[in-house]
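Engineer: Next comes the structure file input14.cif, holding mmCIF, C-alpha atoms.
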data_structure
loop_
_atom_site.label_atom_id
_atom_site.label_comp_id
_atom_site.auth_asym_id
_atom_site.auth_seq_id
_atom_site.Cartn_x
_atom_site.Cartn_y
_atom_site.Cartn_z
CA MET A 47 -1.46 -44.21 -20.77
CA GLY A 48 -1.94 -43.25 -24.39
CA ALA A 49 -1.94 -46.11 -26.89
CA TRP A 50 0.42 -46.37 -29.83
CA PRO A 51 -1.79 -45.98 -32.94
CA GLY A 52 0.17 -48.29 -35.27
CA ALA A 53 2.52 -48.02 -38.22
CA ALA A 54 -0.16 -46.48 -40.45
CA ALA A 55 -0.01 -43.33 -38.32
CA ALA A 56 3.78 -42.92 -38.56
CA ASP A 57 3.55 -39.63 -40.47
CA SER A 58 1.18 -38.19 -37.88
CA VAL A 59 3.50 -39.25 -35.09
CA GLN A 60 6.33 -37.43 -36.81
CA ASP A 61 4.13 -34.33 -36.74
CA PHE A 62 3.63 -34.86 -33.02
CA LEU A 63 7.36 -35.29 -32.39
CA ALA A 64 8.04 -32.03 -34.20
CA THR A 65 6.06 -30.19 -31.51
CA LEU A 66 8.17 -31.55 -28.64
CA PRO A 67 11.28 -30.14 -27.01
CA ALA A 68 14.38 -32.34 -27.19
CA ALA A 69 13.96 -33.87 -23.71
CA GLN A 70 10.39 -34.95 -24.35
CA HIS A 71 11.29 -36.09 -27.86
CA ASP A 72 13.78 -38.59 -26.42
CA GLU A 73 11.29 -39.63 -23.71
CA PHE A 74 8.61 -40.31 -26.29
CA ILE A 75 10.93 -42.28 -28.57
CA ALA A 76 12.06 -44.46 -25.65
CA TRP A 77 8.44 -45.17 -24.69
CA ARG A 78 7.41 -45.78 -28.28
CA THR A 79 10.22 -48.27 -28.85
CA ALA A 80 9.45 -50.22 -25.68
CA LYS A 81 5.71 -50.12 -26.30
CA ASN A 82 6.06 -51.40 -29.86
CA GLN A 83 8.21 -54.27 -28.64
CA HIS A 84 5.60 -55.11 -25.98
CA ASP A 85 2.77 -54.96 -28.52
CA ARG A 86 4.61 -57.40 -30.78
CA MET A 87 5.01 -59.78 -27.85
CA LEU A 88 1.33 -59.38 -27.00
CA ASP A 89 0.27 -60.07 -30.59
CA ALA A 90 2.43 -63.19 -30.65
CA TYR A 91 0.91 -64.36 -27.37
CA TRP A 92 -2.66 -64.06 -28.65
CA GLN A 93 -1.71 -65.70 -31.94
CA ASP A 94 -0.44 -68.66 -29.92
CA ILE A 95 -3.67 -68.68 -27.90
CA GLU A 96 -5.75 -68.79 -31.06
CA LYS A 97 -3.58 -71.51 -32.57
CA LYS A 98 -4.12 -73.67 -29.49
CA ARG A 99 -7.86 -72.97 -29.53
CA ALA A 100 -8.07 -74.01 -33.18
CA GLY A 101 -6.25 -77.24 -32.33
CA ARG A 102 -8.67 -77.96 -29.49
CA ARG A 103 -11.64 -77.37 -31.78
CA LEU A 104 -10.30 -80.08 -34.08
CA LYS A 105 -9.76 -82.43 -31.14
CA ARG A 106 -13.23 -81.74 -29.82
CA ALA A 107 -14.73 -82.63 -33.19
CA ASN A 108 -12.98 -86.01 -32.90
CA THR A 109 -14.09 -86.48 -29.25
CA LYS A 110 -10.49 -86.43 -28.01
CA PHE A 111 -9.48 -85.35 -24.53
CA PHE A 112 -7.25 -82.35 -23.94
CA ASP A 113 -3.84 -82.42 -22.27
CA ALA A 114 -1.27 -79.88 -21.12
CA ASP A 115 0.15 -79.38 -24.62
CA ASP A 116 -3.22 -78.08 -25.81
CA TYR A 117 -2.93 -74.87 -23.77
CA VAL A 118 -0.80 -71.79 -23.25
CA TRP A 119 0.35 -71.81 -19.64
CA THR A 120 1.22 -68.17 -19.16
CA PHE A 121 -0.83 -65.00 -18.85
CA PRO A 122 -0.56 -62.16 -21.38
CA PRO A 123 2.72 -60.25 -21.04
CA THR A 124 2.46 -57.01 -19.09
CA TYR A 125 4.17 -53.82 -20.13
CA LYS A 126 7.31 -53.20 -18.05
CA GLY A 127 9.01 -50.49 -20.06
CA PRO A 128 9.34 -46.75 -19.49
CA ARG A 129 6.23 -44.61 -18.93
CA LEU A 130 5.38 -41.23 -20.31
CA GLY A 131 5.43 -38.35 -17.83
CA ALA A 132 2.08 -36.82 -16.92
CA ASP A 133 2.50 -33.74 -19.12
CA LEU A 134 3.67 -35.70 -22.17
CA ASP A 135 0.97 -38.31 -21.67
CA LYS A 136 -1.71 -35.59 -21.71
CA ARG A 137 -0.22 -34.02 -24.83
CA TRP A 138 -0.22 -37.42 -26.55
CA GLU A 139 -3.83 -38.07 -25.53
CA ARG A 140 -4.90 -34.68 -26.92
CA PHE A 141 -3.04 -35.39 -30.14
CA LEU A 142 -4.77 -38.75 -30.56
CA ALA A 143 -8.17 -37.20 -29.82
CA ALA A 144 -7.58 -34.55 -32.48
CA GLN A 145 -6.59 -37.22 -34.99
CA GLU A 146 -9.78 -39.17 -34.30
CA GLN A 147 -12.18 -36.23 -34.68
CA PRO A 148 -12.58 -36.55 -38.46
CA GLN A 149 -13.71 -40.15 -37.95
CA THR A 150 -16.56 -39.41 -35.53
CA SER A 151 -19.13 -40.17 -38.21
CA LYS A 152 -17.82 -43.74 -38.33
CA GLN A 153 -18.29 -44.42 -34.62
CA GLU A 154 -20.24 -47.50 -33.63
CA LYS A 155 -23.94 -47.09 -32.99
CA PRO A 156 -24.89 -46.88 -29.32
CA ILE A 157 -26.14 -50.05 -27.68
CA PRO A 158 -29.95 -50.09 -27.72
CA GLY A 159 -31.64 -49.72 -24.36
CA LEU A 160 -34.91 -50.76 -22.81
CA ALA A 161 -36.89 -47.99 -24.51
CA ASP A 162 -35.45 -49.06 -27.87
CA PHE A 163 -36.44 -52.71 -27.32
CA LEU A 164 -39.99 -51.70 -26.41
CA ALA A 165 -40.36 -49.22 -29.28
CA ALA A 166 -39.08 -51.74 -31.86
CA SER A 167 -41.36 -54.42 -30.45
CA ARG A 168 -44.39 -52.15 -30.81
CA GLN A 169 -43.39 -51.00 -34.28
CA HIS A 170 -42.60 -54.36 -35.86
CA TYR A 171 -44.75 -56.80 -33.90
CA ALA A 172 -47.47 -54.70 -32.21
CA PHE A 173 -46.25 -56.24 -28.96
CA GLU A 174 -46.53 -54.69 -25.51
CA PRO A 175 -45.27 -56.92 -22.68
CA THR A 176 -47.54 -57.62 -19.75
CA ARG A 177 -45.70 -56.11 -16.78
CA ILE A 178 -46.32 -57.69 -13.40
CA PRO A 179 -45.04 -56.83 -9.89
CA GLU A 180 -41.46 -57.84 -9.18
CA ARG A 181 -42.37 -60.33 -6.48
CA GLU A 182 -44.89 -62.02 -8.76
CA PHE A 183 -42.31 -62.20 -11.55
CA LYS A 184 -39.93 -63.95 -9.15
CA ARG A 185 -42.67 -66.34 -8.08
CA ARG A 186 -43.49 -67.28 -11.66
CA TYR A 187 -39.78 -67.64 -12.47
CA ALA A 188 -39.37 -69.99 -9.48
CA GLU A 189 -42.37 -72.06 -10.56
CA GLU A 190 -41.01 -72.36 -14.09
CA ALA A 191 -37.55 -73.29 -12.88
CA ILE A 192 -38.86 -75.96 -10.50
CA ALA A 193 -41.03 -77.43 -13.26
CA LEU A 194 -37.96 -77.61 -15.51
CA GLY A 195 -35.90 -79.43 -12.90
CA LEU A 196 -33.71 -76.52 -11.83
CA ALA A 197 -32.73 -76.19 -8.18
CA LYS A 198 -33.26 -73.04 -6.12
CA GLU A 199 -29.55 -72.71 -5.38
CA GLN A 200 -28.61 -72.97 -9.06
CA VAL A 201 -31.02 -70.26 -10.20
CA VAL A 202 -30.69 -67.85 -7.29
CA ARG A 203 -26.88 -67.94 -7.35
CA VAL A 204 -26.81 -67.22 -11.09
CA TYR A 205 -29.22 -64.34 -10.44
CA ALA A 206 -27.03 -63.09 -7.59
CA LEU A 207 -23.92 -62.96 -9.77
CA GLU A 208 -25.54 -61.68 -12.94
CA THR A 209 -27.52 -58.88 -11.27
CA GLY A 210 -25.57 -58.22 -8.07
CA GLY A 211 -28.44 -59.57 -5.98
CA ASP A 212 -30.81 -56.67 -6.62
CA GLY A 213 -31.78 -57.27 -10.25
CA THR A 214 -35.22 -56.49 -11.61
CA ALA A 215 -37.10 -58.06 -14.49
CA ASP A 216 -36.22 -55.06 -16.67
CA MET A 217 -32.59 -54.72 -15.59
CA GLN A 218 -30.15 -54.10 -18.42
CA ALA A 219 -26.38 -54.45 -18.05
CA GLY A 220 -24.89 -51.06 -17.20
CA ILE A 221 -28.11 -49.68 -15.69
CA ASN A 222 -28.51 -49.69 -11.92
CA PRO A 223 -31.71 -51.68 -11.26
CA ILE A 224 -32.62 -49.54 -8.25
CA THR A 225 -31.73 -45.99 -9.32
CA LYS A 226 -32.21 -46.70 -13.06
CA LYS A 227 -29.10 -44.60 -13.73
CA GLY A 228 -26.29 -45.59 -16.04
CA LYS A 229 -25.63 -46.41 -19.68
CA PRO A 230 -26.16 -49.77 -21.41
CA ILE A 231 -22.92 -51.71 -21.77
CA SER A 232 -24.57 -54.68 -23.48
CA SER A 233 -28.04 -55.92 -24.38
CA ALA A 234 -28.05 -58.33 -21.39
CA LEU A 235 -31.53 -58.21 -19.85
CA GLY A 236 -33.43 -59.67 -16.92
CA TYR A 237 -32.61 -62.08 -14.10
CA ALA A 238 -30.47 -64.32 -16.32
CA GLN A 239 -29.07 -61.37 -18.30
CA LEU A 240 -29.91 -62.80 -21.71
CA LEU A 241 -28.39 -61.08 -24.73
CA HIS A 242 -30.73 -60.13 -27.56
CA ALA A 243 -29.19 -62.89 -29.69
CA ASN A 244 -29.99 -65.37 -26.88
CA THR A 245 -33.63 -64.29 -27.00
CA ILE A 246 -33.78 -64.91 -30.75
CA GLY A 247 -32.22 -68.36 -30.32
CA GLU A 248 -34.62 -69.34 -27.53
CA LEU A 249 -37.57 -68.07 -29.56
CA VAL A 250 -36.55 -70.23 -32.52
CA LYS A 251 -36.21 -73.29 -30.25
CA HIS A 252 -39.29 -72.83 -28.11
CA GLY A 253 -41.52 -70.31 -29.88
CA ASP A 254 -44.11 -72.91 -30.94
CA SER A 255 -44.38 -74.06 -27.33
CA PHE A 256 -44.77 -70.46 -26.15
CA ILE A 257 -47.65 -69.97 -28.57
CA LYS A 258 -49.37 -73.20 -27.55
CA ARG A 259 -49.13 -72.22 -23.91
CA LEU A 260 -50.66 -68.82 -24.59
CA GLN A 261 -53.45 -70.51 -26.53
CA ARG A 262 -54.19 -72.74 -23.52
CA LEU A 263 -54.24 -69.72 -21.24
CA LYS A 264 -56.60 -67.95 -23.62
CA ALA A 265 -58.97 -70.95 -23.74
CA ALA A 266 -59.10 -71.04 -19.93
CA ALA A 267 -59.49 -67.28 -19.46
CA ARG A 268 -62.87 -65.88 -18.40
CA ASP A 269 -62.11 -62.16 -18.28
CA PRO A 270 -62.75 -60.61 -21.73
CA ALA A 271 -59.86 -58.17 -21.25
CA ARG A 272 -57.49 -61.05 -20.53
CA VAL A 273 -58.78 -62.98 -23.55
CA ASP A 274 -58.15 -59.96 -25.77
CA GLU A 275 -54.68 -59.45 -24.26
CA LEU A 276 -53.70 -63.05 -24.97
CA HIS A 277 -55.19 -62.94 -28.46
CA ARG A 278 -52.99 -59.95 -29.36
CA LYS A 279 -49.97 -61.48 -27.67
CA ILE A 280 -50.33 -64.72 -29.65
CA ALA A 281 -50.50 -62.79 -32.93
CA SER A 282 -47.40 -60.79 -31.99
CA LEU A 283 -45.44 -63.87 -31.00
CA GLN A 284 -46.41 -65.65 -34.23
CA ALA A 285 -45.06 -62.67 -36.19
CA MET A 286 -41.83 -62.72 -34.18
CA LEU A 287 -41.40 -66.44 -34.72
CA ARG A 288 -41.89 -66.17 -38.48
CA THR A 289 -39.29 -63.43 -38.63
CA ALA A 290 -36.83 -65.26 -36.36
CA LYS A 291 -37.10 -68.43 -38.42
CA SER A 292 -36.38 -66.50 -41.61
CA VAL A 293 -32.78 -66.12 -40.38
CA PRO A 294 -30.36 -69.10 -40.55
CA ASP A 295 -30.39 -70.85 -37.18
CA ASN A 296 -26.86 -70.29 -35.92
CA TRP A 297 -25.37 -68.05 -33.25
CA TYR A 298 -23.44 -65.72 -35.54
CA ARG A 299 -26.45 -65.01 -37.76
CA HIS A 300 -28.57 -64.40 -34.69
CA VAL A 301 -25.97 -61.94 -33.39
CA ALA A 302 -26.03 -60.06 -36.71
CA PHE A 303 -29.84 -60.03 -36.84
CA ALA A 304 -29.98 -58.82 -33.25
CA GLN A 305 -28.30 -55.58 -34.36
CA THR A 306 -31.43 -54.68 -36.35
CA ALA A 307 -34.66 -53.22 -34.95
CA LYS A 308 -36.60 -56.33 -35.98
CA GLY A 309 -34.07 -58.42 -34.10
CA TYR A 310 -33.77 -56.49 -30.87
CA GLY A 311 -37.52 -55.81 -30.88
CA MET A 312 -37.96 -59.46 -29.89
CA HIS A 313 -35.95 -58.85 -26.71
CA ALA A 314 -39.00 -57.25 -25.06
CA ILE A 315 -40.59 -60.67 -24.49
CA ASN A 316 -38.22 -61.09 -21.53
CA LEU A 317 -40.28 -58.47 -19.69
CA ASP A 318 -43.59 -60.23 -20.25
CA GLY A 319 -45.10 -61.91 -17.19
CA ASP A 320 -46.41 -64.83 -19.25
CA ILE A 321 -43.29 -65.44 -21.35
CA GLY A 322 -40.22 -63.94 -19.63
CA PRO A 323 -39.91 -66.29 -16.62
CA TRP A 324 -40.25 -69.38 -18.81
CA LEU A 325 -37.92 -68.07 -21.51
CA GLN A 326 -35.11 -67.34 -19.06
CA SER A 327 -35.60 -70.59 -17.14
CA LEU A 328 -35.40 -72.50 -20.42
CA LYS A 329 -32.08 -70.82 -21.21
CA LEU A 330 -30.63 -72.09 -17.93
CA ARG A 331 -32.21 -75.52 -18.43
CA GLY A 332 -30.58 -75.66 -21.86
CA LEU A 333 -27.15 -75.33 -20.23
CA LYS A 334 -27.99 -78.12 -17.81
CA ASP A 335 -29.19 -80.37 -20.65
CA PHE A 336 -26.07 -79.66 -22.71
CA ALA A 337 -23.89 -80.70 -19.78
CA ALA A 338 -25.95 -83.85 -19.21
CA ARG A 339 -25.45 -84.90 -22.83
CA LYS A 340 -21.71 -84.67 -22.17
CA GLY A 341 -22.00 -86.77 -19.03
CA VAL A 342 -21.80 -83.88 -16.55
CA THR A 343 -24.57 -83.71 -13.95
CA ASN A 344 -25.27 -82.03 -10.60
CA LEU A 345 -24.01 -78.65 -11.74
CA SER A 346 -23.53 -75.95 -9.14
CA GLY A 347 -24.68 -72.40 -9.71
CA GLU A 348 -21.05 -71.46 -10.29
CA GLU A 349 -20.64 -74.11 -13.00
CA ILE A 350 -23.85 -73.07 -14.75
CA GLU A 351 -22.63 -69.48 -14.68
CA LEU A 352 -19.27 -70.56 -16.14
CA MET A 353 -21.12 -72.12 -19.08
CA ASN A 354 -23.31 -69.03 -19.34
CA LEU A 355 -20.31 -66.69 -19.41
CA SER A 356 -17.97 -68.56 -21.76
CA GLY A 357 -20.38 -70.70 -23.78
CA PRO A 358 -21.61 -74.23 -22.97
CA GLY A 359 -18.79 -76.21 -24.60
CA THR A 360 -16.04 -73.91 -23.38
CA GLY A 361 -17.49 -73.87 -19.87
CA LEU A 362 -17.39 -77.65 -19.67
CA GLU A 363 -13.82 -77.64 -20.97
CA MET A 364 -12.86 -75.21 -18.22
CA MET A 365 -14.27 -77.65 -15.64
CA GLN A 366 -12.09 -80.55 -16.75
CA PRO A 367 -9.11 -81.40 -14.50
CA VAL A 368 -6.61 -79.83 -16.90
CA GLY A 369 -8.90 -76.93 -17.77
CA LEU A 370 -9.30 -75.94 -14.13
CA THR A 371 -5.58 -75.21 -13.81
CA VAL A 372 -5.23 -73.30 -17.09
CA PRO A 373 -5.05 -69.47 -17.40
CA THR A 374 -8.40 -68.09 -18.56
CA PRO A 375 -7.04 -66.34 -21.72
CA ASN A 376 -7.12 -69.82 -23.30
CA PHE A 377 -10.91 -69.69 -23.30
CA PHE A 378 -11.73 -66.15 -24.43
CA ALA A 379 -11.22 -64.02 -27.51
CA ARG A 380 -8.67 -61.27 -26.99
CA ARG A 381 -11.16 -58.41 -26.67
CA ALA A 382 -13.57 -60.39 -24.50
CA TYR A 383 -10.78 -61.27 -22.09
CA TYR A 384 -9.89 -57.65 -21.43
CA VAL A 385 -13.50 -56.42 -21.36
CA ASN A 386 -14.53 -58.90 -18.64
CA LYS A 387 -12.41 -57.72 -15.72
CA MET A 388 -13.50 -60.66 -13.57
CA VAL A 389 -11.54 -63.20 -15.64
CA ILE A 390 -8.23 -61.33 -15.92
CA ASP A 391 -5.16 -63.01 -14.41
CA LYS A 392 -7.06 -66.04 -13.13
CA THR A 393 -7.09 -69.76 -13.80
CA SER A 394 -10.45 -71.43 -14.33
CA ALA A 395 -10.43 -72.67 -10.73
CA GLU A 396 -9.69 -69.16 -9.48
CA LEU A 397 -12.54 -67.79 -11.61
CA LEU A 398 -14.96 -70.31 -10.07
CA ALA A 399 -13.71 -69.25 -6.62
CA GLU A 400 -14.39 -65.62 -7.55
CA PHE A 401 -17.91 -66.62 -8.61
CA THR A 402 -18.41 -68.22 -5.21
CA ARG A 403 -17.20 -65.11 -3.40
CA ARG A 404 -19.48 -62.82 -5.36
CA MET A 405 -22.46 -65.16 -5.23
CA ASP A 406 -22.13 -65.54 -1.47
CA ALA A 407 -22.07 -61.77 -0.99
CA SER A 408 -24.85 -60.96 -3.47
CA SER A 409 -27.12 -63.75 -2.23
CA ARG A 410 -27.59 -61.69 0.94
CA LYS A 411 -28.99 -58.73 -1.01
CA PRO A 412 -32.77 -58.06 -0.80
CA GLY A 413 -33.54 -59.13 -4.36
CA ALA A 414 -31.80 -62.49 -3.98
CA VAL A 415 -33.41 -63.10 -0.58
CA GLU A 416 -36.84 -62.39 -2.09
CA PHE A 417 -36.07 -64.72 -5.00
CA ALA A 418 -35.06 -67.53 -2.63
CA GLN A 419 -38.30 -67.01 -0.72
CA ALA A 420 -40.22 -67.27 -3.99
CA PHE A 421 -38.72 -70.72 -4.51
CA ASP A 422 -39.69 -71.75 -1.00
CA GLU A 423 -43.27 -70.63 -1.63
CA ALA A 424 -43.63 -71.97 -5.16
CA ARG A 425 -45.65 -75.10 -5.76
CA GLN A 426 -45.50 -76.79 -9.11
CA ASP A 427 -49.21 -77.70 -9.06
CA LYS A 428 -50.14 -74.00 -9.26
CA LEU A 429 -49.00 -73.68 -12.86
CA PRO A 430 -52.29 -73.34 -14.80
CA TRP A 431 -50.82 -74.15 -18.20
CA ARG A 432 -49.22 -77.53 -17.51
#
Show this structure as structure tokens.
Structural biologist:
Amino acid sequence: MGAWPGAAAADSVQDFLATLPAAQHDEFIAWRTAKNQHDRMLDAYWQDIEKKRAGRRLKRANTKFFDADDYVWTFPPTYKGPRLGADLDKRWERFLAAQEQPQTSKQEKPIPGLADFLAASRQHYAFEPTRIPEREFKRRYAEEAIALGLAKEQVVRVYALETGGDGTADMQAGINPITKKGKPISSALGYAQLLHANTIGELVKHGDSFIKRLQRLKAAARDPARVDELHRKIASLQAMLRTAKSVPDNWYRHVAFAQTAKGYGMHAINLDGDIGPWLQSLKLRGLKDFAARKGVTNLSGEEIELMNLSGPGTGLEMMQPVGLTVPTPNFFARRAYYVNKMVIDKTSAELLAEFTRRMDASSRKPGAVEFAQAFDEARQDKLPWR
């Protein structure tokens, strides 16, 4: 159904109405009137949501608990007015498309893909990730996760949901990991589907430790080619870390920096056999540690994924007794709510149940089965750098 473009386009709409016969003119006006009324209700709803969220942020800062009055207890209103007929709807869509043509030069830049990450990494940091076989990547990931105190079920179930159970180390959201067909829908990459801003944040937190580990590996290496590889990798990572630390250390600045080639060029470290498994395991461990500091332990894979999807603090709020019964729009920005189809028209408890359903199904896929086997085979004493 074509969208109403707003009051600023009123003159253009009058031009459109002038092209219609009387019957369709009346049909369009009836739809427009009802749709405008609905849009005003929808705007008011999301304004109320944001007002409640702002109030909870203040409460959270004062370590206060939330109660029923802190939330909106309904879902967004749905449009129940008249619909445009098929012919009129198509005419309206064509009209809108024609109106938008002069603005094509202002369209958003496409989301960078794997080739872009790799090219930027080579250009700005002379970095080429060490690619290893998929099974070996899973084995290293399992070893890292075990060493960090993560359970097999936690990690494999997050992998199952994030990747559909067949994810590869180089999987990007929107690209089928098996056929490699599709179009990037976000920068989310790898088994844990880290965003490029996540990679920058983890590099700032743990980059010095990454470098020290690589230096230990280099000192223990006997193969000259491996020594040279690690020497170049250390220099590249040092350059990345200097650049990452030149940006203020907060999420919003990392998101902005990640839109630049120097920012998303760092994302390629997720593909590296020496760095990627540890980096992604640390991201999951960070969620577990955040929860522990708030007194929440023994997280399930579903609960870790809830924190991963909505943010650590919001995820924990959704797990509280009141939060579990609340409609999910309370916890997401307006656009994010509608983009993530999985959360629409659910309470937090229903969303967790949907996680369980999907995780159960995807955990039977070959990639997830292989990952679980990697955990069963992994032994912590095989890590050469610890």
Engineer: Using the chain letters and numbers from the file, give me the residues hit by the PyMOL selection byres ((chain A and resi 301-303) around 10), as a PDB file with C-alpha atoms, in the frame of the given file.
Structural biologist:
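The new file result_26.pdb reads:
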ATOM      1  CA  LEU A 241     -28.390 -61.080 -24.730  1.00  0.00           C
ATOM      2  CA  HIS A 242     -30.730 -60.130 -27.560  1.00  0.00           C
ATOM      3  CA  ALA A 243     -29.190 -62.890 -29.690  1.00  0.00           C
ATOM      4  CA  ASN A 244     -29.990 -65.370 -26.880  1.00  0.00           C
ATOM      5  CA  ILE A 246     -33.780 -64.910 -30.750  1.00  0.00           C
ATOM      6  CA  GLY A 247     -32.220 -68.360 -30.320  1.00  0.00           C
ATOM      7  CA  ALA A 290     -36.830 -65.260 -36.360  1.00  0.00           C
ATOM      8  CA  VAL A 293     -32.780 -66.120 -40.380  1.00  0.00           C
ATOM      9  CA  PRO A 294     -30.360 -69.100 -40.550  1.00  0.00           C
ATOM     10  CA  ASN A 296     -26.860 -70.290 -35.920  1.00  0.00           C
ATOM     11  CA  TRP A 297     -25.370 -68.050 -33.250  1.00  0.00           C
ATOM     12  CA  TYR A 298     -23.440 -65.720 -35.540  1.00  0.00           C
ATOM     13  CA  ARG A 299     -26.450 -65.010 -37.760  1.00  0.00           C
ATOM     14  CA  HIS A 300     -28.570 -64.400 -34.690  1.00  0.00           C
ATOM     15  CA  ALA A 304     -29.980 -58.820 -33.250  1.00  0.00           C
ATOM     16  CA  GLN A 305     -28.300 -55.580 -34.360  1.00  0.00           C
ATOM     17  CA  THR A 306     -31.430 -54.680 -36.350  1.00  0.00           C
ATOM     18  CA  ALA A 307     -34.660 -53.220 -34.950  1.00  0.00           C
ATOM     19  CA  LYS A 308     -36.600 -56.330 -35.980  1.00  0.00           C
ATOM     20  CA  GLY A 309     -34.070 -58.420 -34.100  1.00  0.00           C
ATOM     21  CA  TYR A 310     -33.770 -56.490 -30.870  1.00  0.00           C
TER      22      TYR A 310
END
Engineer: Grab the atom CA of A:Leu160 to atom CA of A:Gly236 distance for me, in Å with one decimal place.
Structural biologist: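 So the answer is 10.8 Å.
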Engineer: Point out the residue among A:Pro270, A:Ala338, A:Gly210, A:Lys226 with the least atom-to-atom distance to A:Phe401, counting only C-alpha atoms.
Structural biologist: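 Of A:Pro270, A:Ala338, A:Gly210, A:Lys226, the one nearest A:Phe401, counting only C-alpha atoms, is A:Gly210.
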Engineer: Counting all atoms listed in the file, which residue out of A:Leu352, A:Arg410, A:Gly369, A:Lys155 sits closest to A:Met388?
Structural biologist: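 Under the stated criterion, the closest residue is A:Leu352.
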Engineer: Just say which residues the PyMOL selection byres ((chain A and resi 164) around 10) picks in this file, as an NGL selection string.
Structural biologist: :A and (159-163 or 165-169 or 172-175 or 310-315 or 317)
Engineer: For the structure provided, state which residues fall under the PyMOL selection byres ((chain A and resi 106-122) around 8), and present them as a PyMOL selection string.
Structural biologist: chain A and resi 88+91-92+94-95+98-99+101-105+123-124+368+372-373+375-376+391
Engineer: Using C-alpha atoms, can you export the residues from the last selection as a compact mmCIF listing (two decimals), in the coordinates of the input?
Structural biologist:
# COMPACT_ATOMS: atom_id res chain seq x y z
CA LEU A 88 1.33 -59.38 -27.00
CA TYR A 91 0.91 -64.36 -27.37
CA TRP A 92 -2.66 -64.06 -28.65
CA ASP A 94 -0.44 -68.66 -29.92
CA ILE A 95 -3.67 -68.68 -27.90
CA LYS A 98 -4.12 -73.67 -29.49
CA ARG A 99 -7.86 -72.97 -29.53
CA GLY A 101 -6.25 -77.24 -32.33
CA ARG A 102 -8.67 -77.96 -29.49
CA ARG A 103 -11.64 -77.37 -31.78
CA LEU A 104 -10.30 -80.08 -34.08
CA LYS A 105 -9.76 -82.43 -31.14
CA PRO A 123 2.72 -60.25 -21.04
CA THR A 124 2.46 -57.01 -19.09
CA VAL A 368 -6.61 -79.83 -16.90
CA VAL A 372 -5.23 -73.30 -17.09
CA PRO A 373 -5.05 -69.47 -17.40
CA PRO A 375 -7.04 -66.34 -21.72
CA ASN A 376 -7.12 -69.82 -23.30
CA ASP A 391 -5.16 -63.01 -14.41
Engineer: Could you tell me how far atom CA of A:His84 sits from atom CA of A:Lys136, in Å to one decimal place?
Structural biologist: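 Answer for the atom CA of A:Lys136 to atom CA of A:His84 separation: 21.3 Å.
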Engineer: Just the number, please: distance in Å from atom CA of A:Val202 to atom CA of A:Ala219, one decimal.
Structural biologist: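 Atom-to-atom, atom CA of A:Val202 to atom CA of A:Ala219, that is 17.7 Å.
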Engineer: With C-alpha atoms as the atom set, please write stretch 384-400 of chain A from the structure just given, as a tab-separated table (two decimals), in the first residue's frame.
Structural biologist:
chain	number	residue	atom	x	y	z
A	384	TYR	CA	9.66	-2.55	12.34
A	385	VAL	CA	12.92	-3.66	10.68
A	386	ASN	CA	13.34	-6.67	12.99
A	387	LYS	CA	10.30	-8.76	12.04
A	388	MET	CA	11.01	-11.27	14.80
A	389	VAL	CA	10.07	-8.82	17.59
A	390	ILE	CA	6.81	-7.47	16.13
A	391	ASP	CA	3.63	-8.05	18.15
A	392	LYS	CA	5.38	-9.99	20.92
A	393	THR	CA	6.02	-9.53	24.61
A	394	SER	CA	9.55	-10.12	25.87
A	395	ALA	CA	8.56	-13.61	27.06
A	396	GLU	CA	7.09	-14.40	23.66
A	397	LEU	CA	10.29	-13.18	21.99
A	398	LEU	CA	12.38	-15.50	24.17
A	399	ALA	CA	10.03	-18.35	23.24
A	400	GLU	CA	10.55	-17.50	19.56
